[in-house]
Structures are given as C-alpha cells and as structure tokens.
file final.cif (mmCIF, C-alpha atoms)
data_target
#
loop_
_atom_site.label_atom_id
_atom_site.label_comp_id
_atom_site.auth_asym_id
_atom_site.auth_seq_id
_atom_site.Cartn_x
_atom_site.Cartn_y
_atom_site.Cartn_z
CA MET A 1 -30.91 3.16 -32.94
CA LYS A 2 -30.89 -0.48 -31.78
CA LYS A 3 -27.09 -0.55 -31.89
CA LEU A 4 -26.88 2.62 -29.79
CA THR A 5 -29.33 1.22 -27.23
CA LEU A 6 -27.42 -2.07 -27.08
CA LEU A 7 -24.12 -0.20 -26.64
CA ILE A 8 -25.60 1.86 -23.79
CA PHE A 9 -26.86 -1.29 -22.04
CA ILE A 10 -23.50 -3.02 -22.44
CA CYS A 11 -21.64 -0.01 -21.02
CA LEU A 12 -24.14 0.28 -18.16
CA GLY A 13 -23.85 -3.44 -17.42
CA ILE A 14 -20.06 -3.30 -17.35
CA HIS A 15 -20.22 -0.29 -15.04
CA LEU A 16 -22.75 -1.84 -12.67
CA PHE A 17 -21.16 -5.27 -12.47
CA SER A 18 -17.49 -4.28 -12.44
CA GLN A 19 -15.74 -5.02 -9.19
CA LYS A 20 -15.30 -2.00 -6.94
CA LEU A 21 -13.06 -1.55 -3.96
CA THR A 22 -15.10 -1.62 -0.73
CA ILE A 23 -12.36 0.06 1.28
CA GLN A 24 -11.61 3.73 0.68
CA ASP A 25 -8.55 5.95 0.83
CA LEU A 26 -6.17 2.99 0.71
CA LYS A 27 -2.53 3.97 0.91
CA ILE A 28 0.64 2.00 1.44
CA VAL A 29 3.90 3.73 2.23
CA ASP A 30 7.39 2.27 2.22
CA TYR A 31 9.45 4.58 4.40
CA GLU A 32 12.82 4.88 6.05
CA LEU A 33 13.34 6.27 9.53
CA MET A 34 16.46 8.42 9.38
CA PRO A 35 18.90 8.79 12.31
CA ASP A 36 17.49 12.25 13.14
CA ASN A 37 13.96 10.70 13.40
CA LYS A 38 12.93 12.20 10.07
CA ILE A 39 10.86 10.04 7.77
CA GLU A 40 11.94 9.57 4.16
CA ILE A 41 9.23 8.21 1.88
CA LYS A 42 10.56 5.63 -0.58
CA SER A 43 7.22 4.72 -2.16
CA TYR A 44 3.69 6.02 -1.72
CA THR A 45 0.82 4.04 -3.20
CA THR A 46 -2.85 4.92 -3.37
CA ILE A 47 -5.74 2.97 -4.82
CA ASP A 48 -9.04 4.56 -5.81
CA LYS A 49 -12.40 2.79 -5.60
CA LYS A 50 -12.22 1.79 -9.29
CA GLY A 51 -8.96 -0.09 -8.74
CA ASN A 52 -6.52 2.43 -10.18
CA LEU A 53 -3.23 2.01 -8.35
CA THR A 54 -0.99 5.10 -8.38
CA VAL A 55 2.60 4.77 -7.18
CA TYR A 56 5.16 7.42 -6.28
CA SER A 57 8.62 5.89 -6.21
CA ASP A 58 11.90 7.41 -5.07
CA SER A 59 14.22 4.64 -6.16
CA TRP A 60 17.18 3.62 -8.32
CA ASP A 61 15.66 5.31 -11.39
CA GLY A 62 14.79 8.61 -9.67
CA LYS A 63 11.48 10.03 -8.53
CA ASN A 64 8.64 8.74 -10.70
CA TYR A 65 4.91 8.16 -10.76
CA PHE A 66 3.25 5.09 -12.23
CA ARG A 67 -0.40 4.06 -12.68
CA PHE A 68 -1.73 0.52 -12.96
CA LYS A 69 -5.23 -0.93 -13.21
CA LEU A 70 -6.05 -3.75 -10.81
CA THR A 71 -8.02 -6.70 -12.13
CA SER A 72 -11.38 -7.68 -10.64
CA GLU A 73 -9.67 -10.63 -8.97
CA GLU A 74 -7.05 -8.36 -7.37
CA ILE A 75 -9.74 -5.94 -6.18
CA ASN A 76 -11.65 -8.87 -4.70
CA GLN A 77 -8.57 -9.91 -2.71
CA LEU A 78 -8.08 -6.35 -1.47
CA ASN A 79 -11.70 -6.27 -0.38
CA SER A 80 -10.91 -9.07 2.08
CA LEU A 81 -9.26 -6.40 4.24
CA SER A 82 -12.63 -4.76 4.81
CA GLY A 83 -14.18 -7.20 7.24
CA LYS A 84 -11.22 -7.57 9.58
CA ASP A 85 -9.30 -5.58 12.14
CA ILE A 86 -5.98 -4.69 10.48
CA GLU A 87 -4.09 -5.73 13.60
CA SER A 88 -5.43 -9.28 13.24
CA PHE A 89 -3.00 -9.75 10.35
CA VAL A 90 0.01 -9.34 12.69
CA LYS A 91 1.36 -12.82 13.51
CA GLN A 92 4.28 -11.74 15.71
CA LYS A 93 5.71 -8.61 17.28
CA LYS A 94 9.27 -9.68 17.86
CA LEU A 95 12.08 -11.04 15.71
CA ASN A 96 13.32 -14.52 16.49
CA LYS A 97 16.60 -14.93 18.35
CA ASN A 98 19.61 -14.04 16.15
CA GLU A 99 17.28 -12.64 13.49
CA TYR A 100 17.70 -9.11 12.12
CA PHE A 101 15.74 -6.93 9.72
CA ALA A 102 17.54 -4.64 7.27
CA GLY A 103 14.53 -3.54 5.22
CA ASN A 104 12.20 -0.57 5.55
CA PRO A 105 9.02 -0.52 7.58
CA LYS A 106 5.72 0.06 5.80
CA PHE A 107 2.53 1.89 6.66
CA ILE A 108 -0.94 0.95 5.48
CA SER A 109 -4.08 2.98 5.97
CA TYR A 110 -7.62 2.68 4.65
CA THR A 111 -11.18 3.56 5.61
CA PHE A 112 -14.02 1.06 5.85
CA LYS A 113 -17.50 2.11 6.99
CA GLU A 114 -16.11 5.48 8.10
CA LYS A 115 -13.52 3.85 10.39
CA VAL A 116 -9.85 4.48 9.65
CA ASN A 117 -7.63 1.41 9.91
CA SER A 118 -3.87 1.87 9.92
CA LEU A 119 -0.74 -0.04 10.83
CA CYS A 120 3.04 0.35 10.72
CA PHE A 121 4.58 -3.05 9.99
CA ILE A 122 7.44 -5.07 8.63
CA GLU A 123 6.70 -7.97 6.33
CA PRO A 124 8.18 -10.74 8.55
CA PHE A 125 5.62 -9.87 11.26
CA MET A 126 2.57 -10.29 9.00
CA ASN A 127 0.50 -13.44 8.43
CA ASP A 128 0.18 -15.31 5.12
CA GLU A 129 -3.25 -13.89 4.25
CA PHE A 130 -1.95 -10.31 4.48
CA MET A 131 1.26 -11.22 2.63
CA ASP A 132 -0.77 -12.67 -0.27
CA ILE A 133 -2.50 -9.31 -0.63
CA LEU A 134 0.78 -7.42 -0.28
CA LYS A 135 2.40 -9.64 -2.94
CA ILE A 136 -0.22 -8.52 -5.46
CA LEU A 137 0.43 -4.88 -4.66
CA ASN A 138 4.22 -5.22 -4.48
CA SER A 139 4.29 -6.78 -7.96
CA LYS A 140 3.00 -3.45 -9.25
CA ILE A 141 4.52 -1.02 -6.73
CA TYR A 142 8.09 -2.09 -7.50
CA LYS A 143 7.60 -2.84 -11.21
CA HIS A 144 8.83 0.51 -12.63
CA ASP A 145 7.13 -0.16 -15.97
CA GLU A 146 8.06 2.60 -18.42
CA THR A 147 4.69 2.27 -20.16
CA ALA A 148 2.89 2.94 -16.85
CA LYS A 149 4.72 6.21 -16.11
CA ILE A 150 2.53 9.25 -15.61
CA PRO A 151 3.38 12.94 -15.08
CA MET A 152 4.48 13.99 -11.59
CA LEU A 153 1.60 14.55 -9.17
CA THR A 154 1.51 16.54 -5.96
CA ASN A 155 1.02 14.77 -2.65
CA ASP A 156 0.91 16.04 0.90
CA PHE A 157 3.77 13.89 2.19
CA GLU A 158 3.95 15.92 5.43
CA LYS A 159 0.42 14.77 6.30
CA VAL A 160 1.41 11.16 5.58
CA LYS A 161 4.56 11.51 7.69
CA THR A 162 2.42 12.81 10.57
CA GLU A 163 0.09 9.80 10.22
CA ILE A 164 3.11 7.47 10.29
CA ARG A 165 4.57 9.17 13.39
CA GLU A 166 1.23 8.90 15.22
CA ARG A 167 0.70 5.27 14.29
CA SER A 168 4.31 4.31 15.11
CA LYS A 169 3.62 5.35 18.72
CA ILE A 170 1.09 2.49 18.85
CA ASP A 171 3.18 0.05 16.79
CA ASN A 172 6.29 0.72 18.86
CA TYR A 173 7.46 -2.91 18.72
CA LEU A 174 9.02 -2.63 15.24
CA PRO A 175 12.75 -3.38 15.30
CA LYS A 176 15.41 -0.85 14.46
CA LYS A 177 16.91 -1.33 11.02
CA ALA A 178 19.95 -3.60 11.19
CA VAL A 179 23.11 -2.27 9.60
CA ILE A 180 24.95 -4.95 7.70
CA ILE A 181 28.70 -4.48 7.58
CA GLN A 182 30.64 -6.45 5.00
CA ASN A 183 34.37 -6.97 5.36
#

call {"tool": "encode", "arguments": {"input": "final.cif", "output": "structure tokens"}}
result
Amino acid sequence: MKKLTLLIFICLGIHLFSQKLTIQDLKIVDYELMPDNKIEIKSYTTIDKKGNLTVYSDSWDGKNYFRFKLTSEEINQLNSLSGKDIESFVKQKKLNKNEYFAGNPKFISYTFKEKVNSLCFIEPFMNDEFMDILKILNSKIYKHDETAKIPMLTNDFEKVKTEIRERSKIDNYLPKKAVIIQN
C-alpha cells in the first residue's frame, strides 16, 4: 500500500511540476507561394500544451508525419513568446541592397490569453531571440527521423491557407522568391 501511495505521489508531482506551454494552438507553416497565387504547404507543425510537436512534411522523402517531445528547457524557451508582441521580433522589413531570398516564407500563429498572434516572415528579417527559438523547432521539423514517424493525420490545410492569405495582406513587405539561374 505504501508503494502504491508513493507511486501516486511521484506521478502527481511529475504531472504538477512538469513544464507546460503557456501559449496555445501554436502552429508554424513553411509554405510556397505558387505563380497562380496558390499556397503549397511544405511543412505544418503544431505543438500541444504538453510539448508534443507534430510535423507534417511534404519533402524529399514524400508526405510524412512525425511526432517529437520537447524538453522542459525547449518549452521554457517557447514560453518566452507569450509576453511579447510577435511583431517585435521583426528586425527588418527589407532586404539589403543586392541581397536576394530564394527560400520559402513561413507563418507562425499562436494564442496567448485569448489573443491570436500571427506573422508571415522570412528568417533573415527576424531578430536573434526569435531565431534561437526557431532553431530549436527547425532541428525537429526538418529532422525526418524514421523512429518518430506516425500514421497520416488529417488537417484542414484550407483553413491554414486562408489564415496565411489574410496575414500576408498585413505582412505585405516580404520579398518575392528569387529564382537562381545557373549556367
């Protein structure tokens, strides 16, 4: 009986003191804007309040889903988003002279205290604090770990595409994707 009681207290303690995500409905989308203004989702990442990171990836190895568990330290870093306006992480809104961007834009959205925060961005425009957080997530999003694969899930990508279109009207300073021609 004492062992059972001790086990219950240990489990309860772990549950109560484990780090939880203070932001809700966090999603990060890597997308490509096609010539006909259609949006093609390359990766779609969500994180639940317990720190489970789920990734949809349409990449070199096909369409897959992966799930990773964030550490308490990683969750703590993500929680630093909660007290700030997401736009405060933007350090610039224009590429430097003779600078081009050939990558894909990204979209981030989360809720904190019932307020939705969202932003369309490219990595060169973001400050170091935001990039440190993104580095943690990118190390998992683009990992493609076979042991982390999960069965295909269903997502409402049309809803996400609508959110991106609406937010891109506000973040209309993002550069067009540069086409690199090699001879």

call {"tool": "closest_atom_pairs", "arguments": {"input": "final.cif", "of": "range 17-121 of chain A", "to": "range 128-152 of chain A", "cutoff": "12 Å", "atoms": "all atoms listed in the file", "output": "tab-separated table"}}
result
residue	atom	partner	partner_atom	distance
A:Leu26	CA	A:Leu137	CA	11.6
A:Lys27	CA	A:Leu137	CA	10.9
A:Ile28	CA	A:Leu137	CA	9.2
A:Val29	CA	A:Ile141	CA	10.2
A:Asp30	CA	A:Ile141	CA	10.0
A:Lys42	CA	A:Tyr142	CA	10.7
A:Ser43	CA	A:Ile141	CA	7.8
A:Tyr44	CA	A:Ile141	CA	8.7
A:Thr45	CA	A:Ile141	CA	7.2
A:Thr46	CA	A:Ile141	CA	10.0
A:Ile47	CA	A:Leu137	CA	10.0
A:Gly51	CA	A:Leu137	CA	11.3
A:Asn52	CA	A:Lys140	CA	11.2
A:Leu53	CA	A:Lys140	CA	8.3
A:Thr54	CA	A:Ile141	CA	8.4
A:Val55	CA	A:Ile141	CA	6.1
A:Tyr56	CA	A:Met152	CA	8.5
A:Ser57	CA	A:Ile141	CA	8.1
A:Asp58	CA	A:Tyr142	CA	10.5
A:Ser59	CA	A:Tyr142	CA	9.2
A:Trp60	CA	A:His144	CA	9.9
A:Asp61	CA	A:His144	CA	8.4
A:Gly62	CA	A:His144	CA	10.5
A:Lys63	CA	A:Met152	CA	8.6
A:Asn64	CA	A:Met152	CA	6.8
A:Tyr65	CA	A:Ile150	CA	5.5
A:Phe66	CA	A:Lys149	CA	4.3
A:Arg67	CA	A:Ala148	CA	5.4
A:Phe68	CA	A:Ala148	CA	6.5
A:Lys69	CA	A:Lys140	CA	9.5
A:Leu70	CA	A:Leu137	CA	9.0
A:Thr71	CA	A:Ile136	CA	10.4
A:Glu73	CA	A:Ile136	CA	10.3
A:Glu74	CA	A:Ile136	CA	7.1
A:Ile75	CA	A:Ile133	CA	9.7
A:Asn76	CA	A:Ile133	CA	10.0
A:Gln77	CA	A:Ile133	CA	6.4
A:Leu78	CA	A:Ile133	CA	6.4
A:Asn79	CA	A:Ile133	CA	9.7
A:Ser80	CA	A:Ile133	CA	8.8
A:Leu81	CA	A:Phe130	CA	8.3
A:Lys84	CA	A:Phe130	CA	10.9
A:Asp85	CA	A:Phe130	CA	11.6
A:Ile86	CA	A:Phe130	CA	9.2
A:Glu87	CA	A:Phe130	CA	10.4
A:Ser88	CA	A:Phe130	CA	9.5
A:Phe89	CA	A:Phe130	CA	6.0
A:Val90	CA	A:Phe130	CA	8.5
A:Lys91	CA	A:Asp128	CA	8.8
A:Gln92	CA	A:Asp128	CA	11.9
A:Lys106	CA	A:Leu134	CA	10.8
A:Phe107	CA	A:Leu134	CA	11.7
A:Ile108	CA	A:Leu134	CA	10.3
A:Phe121	CA	A:Phe130	CA	11.2

call {"tool": "closest_residue", "arguments": {"input": "final.cif", "among": "A:Val179, A:Asn127, A:Asp156, A:Tyr31", "to": "Pro105 in chain A", "atoms": "all atoms listed in the file"}}
result
A:Tyr31

call {"tool": "atom_distance", "arguments": {"input": "final.cif", "atom1": "CA of Ser118 in chain A", "atom2": "CA of Arg167 in chain A"}}
result
7.2 Å

call {"tool": "closest_residue", "arguments": {"input": "final.cif", "among": "A:Leu153, A:Met34, A:Val160, A:Leu95", "to": "Pro124 in chain A", "atoms": "all atoms listed in the file"}}
result
A:Leu95

call {"tool": "atom_distance", "arguments": {"input": "final.cif", "atom1": "CA of Ile164 in chain A", "atom2": "CA of Lys20 in chain A"}}
result
26.9 Å

call {"tool": "resolve_selection", "arguments": {"input": "final.cif", "expression": "the PyMOL selection byres ((chain A and resi 175) around 10)", "output": "PyMOL selection string"}}
result
chain A and resi 93-95+100-102+105+121-122+172-174+176-178

call {"tool": "closest_residue", "arguments": {"input": "final.cif", "among": "A:Gly83, A:Lys50, A:Ile39, A:Tyr110", "to": "Ile23 in chain A", "atoms": "only C-alpha atoms"}}
result
A:Tyr110

call {"tool": "atom_distance", "arguments": {"input": "final.cif", "atom1": "CA of Arg165 in chain A", "atom2": "CA of Ile41 in chain A"}}
result
12.5 Å

call {"tool": "resolve_selection", "arguments": {"input": "final.cif", "expression": "the PyMOL selection byres ((chain A and resi 111) around 9)", "output": "list in words"}}
result
Ile23, Gln24, Asp25, Leu26, Ser82, Ser109, Tyr110, Phe112, Lys113, Glu114, Lys115, Val116, Asn117 and Ser118 of chain A
